[in-house]
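Undergrad: Quick one: the structure is below, and I'll ask about it shortly.
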Amino acid sequence: HEHNIPTTQKTNQKKGRMADVRMKQLESKGSARCSNVCVRIQRTWRLCLRFKTSIRYVRCYMGKLPSAEFVKSIGFDNLVLLLKDKKVISAAKVCLQRIHLLATYRHGSPPHIKEPESVNVRVFLAAFMIVYFPSRVFESVGPLEQRLLDAADPMLTAFQAICASVQSSQARCFRDVPPALTRDFPTLLLDYLQAFKAWKVPDEAKLTCRIKHALQALYQARRALPADEPHDSRLHGELRGQIERLRGKLVQIAGRGALEEVERELGAEEGSESAGGVAAGGGESVAGA
């Protein structure tokens, strides 16, 4: 019967069988690759949890911010400088990520969470200023400020207690930290992040308004300079420097769009000077965290 099948049809059948074989080979290779990827992920995860990684991260962090007494002793201005230090930010970031990961792994995510909240380490570090120097952070304490204070204090206390427990435990590892210390930490951190976000929006609006008025005063002062005042004079330089710092701070707090809107309102002729040169300034505002 096969001899009666046209040659073209035979060829197509042969190609079909070869394609089936090739597909099975690819599926087998794909399954092997998937298995290899799973093994790599599992190996990485095991390595992450071995070799007492937690104690290394905790020691590095506690070496920078050892206690509440230390933070209060150095004063607000020195604390602001310390929290901007790249080594402090790096140490706090890996330690926070580690503690948060292991606490969530041990107890699960907060029950009321709908989607993961991204943890900004600068926002976390701002809790030191909020808890220990609230009068330097807040002009007045309203409902949003009080909510933030009430969330920051227990979160920071819990985190410091977990770190201290890791350091003092016999095995120097997270496993020996009492579950009572870690159970509430994911929820406390989430509550703090949400309270900070709720407070930050109106605070940014307030700061933007102040910067707008300050820029307006500086622009008026520059326009009032004598026509024969040299552009490279000390007075011109000081005004220019103050304007650029405020512009940079405004971009940092509210974005370039806010700067453009403010300058349109003020009718400022500043675009040619620094339209492309505004860098995000290192403002001390907690809202810029």
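Every chain in the structure tokens takes a letter, A first, then B, and so on in the order presented; its residues are numbered from 1, and the ligands are numbered from 1 following the presented order.
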Do you know which residues are at most 10 Å from A:Ala92 counting only C-alpha atoms, after dropping those on the same chain fewer than 2 positions away, and could you put them as a list in words?

TA: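 Here the answer would be Tyr57, Val58, Cys60, Tyr61, Met62, Lys64, Leu65, Leu83, Lys86, Lys87, Val88, Ile89, Ser90, Val94, Cys95, Leu96, Gln97, Arg98, Val121, Arg122, Phe124 and Leu125 of chain A.
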
Undergrad: Kindly export the residues of the current selection with C-alpha atoms, as a compact mmCIF listing (two decimals), in the first residue's frame.

TA:
```txt
# COMPACT_ATOMS: atom_id res chain seq x y z
CA TYR A 57 25.44 42.31 58.44
CA VAL A 58 24.29 43.09 61.97
CA CYS A 60 28.45 46.15 60.32
CA TYR A 61 25.17 47.99 60.91
CA MET A 62 25.55 48.18 64.71
CA LYS A 64 27.52 52.56 62.50
CA LEU A 65 24.34 53.01 64.59
CA LEU A 83 22.70 59.12 57.69
CA LYS A 86 27.27 55.88 51.81
CA LYS A 87 28.78 53.26 54.12
CA VAL A 88 25.99 53.76 56.66
CA ILE A 89 23.33 53.55 53.95
CA SER A 90 24.91 50.39 52.52
CA VAL A 94 21.74 44.87 53.66
CA CYS A 95 20.94 44.46 57.35
CA LEU A 96 17.34 45.66 56.94
CA GLN A 97 16.79 43.46 53.89
CA ARG A 98 18.20 40.48 55.77
CA VAL A 121 16.45 52.28 53.26
CA ARG A 122 16.60 56.10 53.39
CA PHE A 124 13.95 53.57 57.21
CA LEU A 125 16.95 55.64 58.36
```

Undergrad: Set out as CSV a contact list for stretch 167-225 of chain A and stretch 126-143 of chain A with a cut-off of 12 Å, giving each residue of stretch 167-225 of chain A that qualifies its closest atom pair and distance in Å to one decimal, counting only C-alpha atoms, ordered by chain and rising residue number.

TA:
```
residue,atom,partner,partner_atom,distance
A:Leu189,CA,A:Ala127,CA,10.7
A:Tyr192,CA,A:Ala127,CA,8.7
A:Leu193,CA,A:Ala127,CA,9.9
A:Ala195,CA,A:Pro143,CA,10.5
A:Phe196,CA,A:Ala127,CA,9.2
A:Ala198,CA,A:Pro143,CA,10.5
A:Trp199,CA,A:Pro143,CA,9.2
A:Lys200,CA,A:Phe138,CA,11.4
A:Pro202,CA,A:Gly142,CA,11.8
A:Asp203,CA,A:Phe138,CA,9.5
A:Lys206,CA,A:Glu139,CA,11.1
A:Leu207,CA,A:Glu139,CA,11.8
```

Undergrad: Please save C-alpha atoms of the selected residues as a short mmCIF file (atom, residue, chain, number, x, y, z; two decimals), in the first residue's frame.

TA:
```cif
data_model
loop_
_atom_site.label_atom_id
_atom_site.label_comp_id
_atom_site.auth_asym_id
_atom_site.auth_seq_id
_atom_site.Cartn_x
_atom_site.Cartn_y
_atom_site.Cartn_z
CA LEU A 189 7.79 48.09 59.13
CA TYR A 192 5.81 52.83 59.32
CA LEU A 193 6.29 52.96 55.54
CA ALA A 195 2.56 56.37 57.69
CA PHE A 196 5.66 57.99 56.18
CA ALA A 198 0.88 59.60 54.11
CA TRP A 199 2.88 62.33 55.88
CA LYS A 200 5.32 62.97 53.06
CA PRO A 202 1.49 67.27 52.31
CA ASP A 203 4.98 67.95 53.69
CA LYS A 206 4.55 72.74 52.14
CA LEU A 207 8.26 72.69 51.27
#
```

Undergrad: Which residues are near A:Thr182? Cut-off 6 Å, only C-alpha atoms, ignore same chain within fewer than 3 positions. Put them as a list in words.

TA: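 Here the answer would be Ala103, Pro179 and Phe185 of chain A.
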
Undergrad: For stretch 160-168 of chain A, list every protein, DNA or RNA residue within 6 Å, evaluated using only C-alpha atoms, and leave out those in the same chain fewer than 5 positions away; present the list as a list in words.

TA: Val58, Cys173, Phe174 and Val177 of chain A

Undergrad: Write to file, as a PDB file, in the first residue's frame, the residues of the selection just made, with C-alpha atoms.

TA:
```
ATOM      1  CA  VAL A  58      24.285  43.089  61.974  1.00  0.00           C
ATOM      2  CA  CYS A 173      22.500  33.770  64.109  1.00  0.00           C
ATOM      3  CA  PHE A 174      18.902  34.742  63.393  1.00  0.00           C
ATOM      4  CA  VAL A 177      16.393  35.175  68.024  1.00  0.00           C
TER       5      VAL A 177
END
```

Undergrad: Check the DSSP output for the backbone and give back, as number ranges by chain, the residues of stretch 32-275 of chain A in alpha helix (DSSP H).

TA: A: 32-48, 53-64, 68-84, 86-107, 121-132, 134-137, 143-168, 179-182, 185-223, 234-254, 256-266, 271-274

Undergrad: Using only C-alpha atoms, determine which residues lie at most 12 Å from A:Ala214, disregarding the query and same-chain residues fewer than 3 positions distant; provide the list as a list in words.

TA: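 The neighbour list is Leu207, Thr208, Cys209, Arg210, Ile211, Ala217, Leu218, Tyr219, Gln220, Ala221, Leu239, Gln242, Ile243, Glu244, Arg245, Leu246, Arg247, Lys249, Leu250, Val262, Glu263 and Leu266 of chain A.
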
Undergrad: Provide the atom CA of A:Thr53 to atom CA of A:Asp176 distance in Å, to one decimal place.

TA: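 Separating atom CA of A:Thr53 from atom CA of A:Asp176 is a distance of 13.6 Å.
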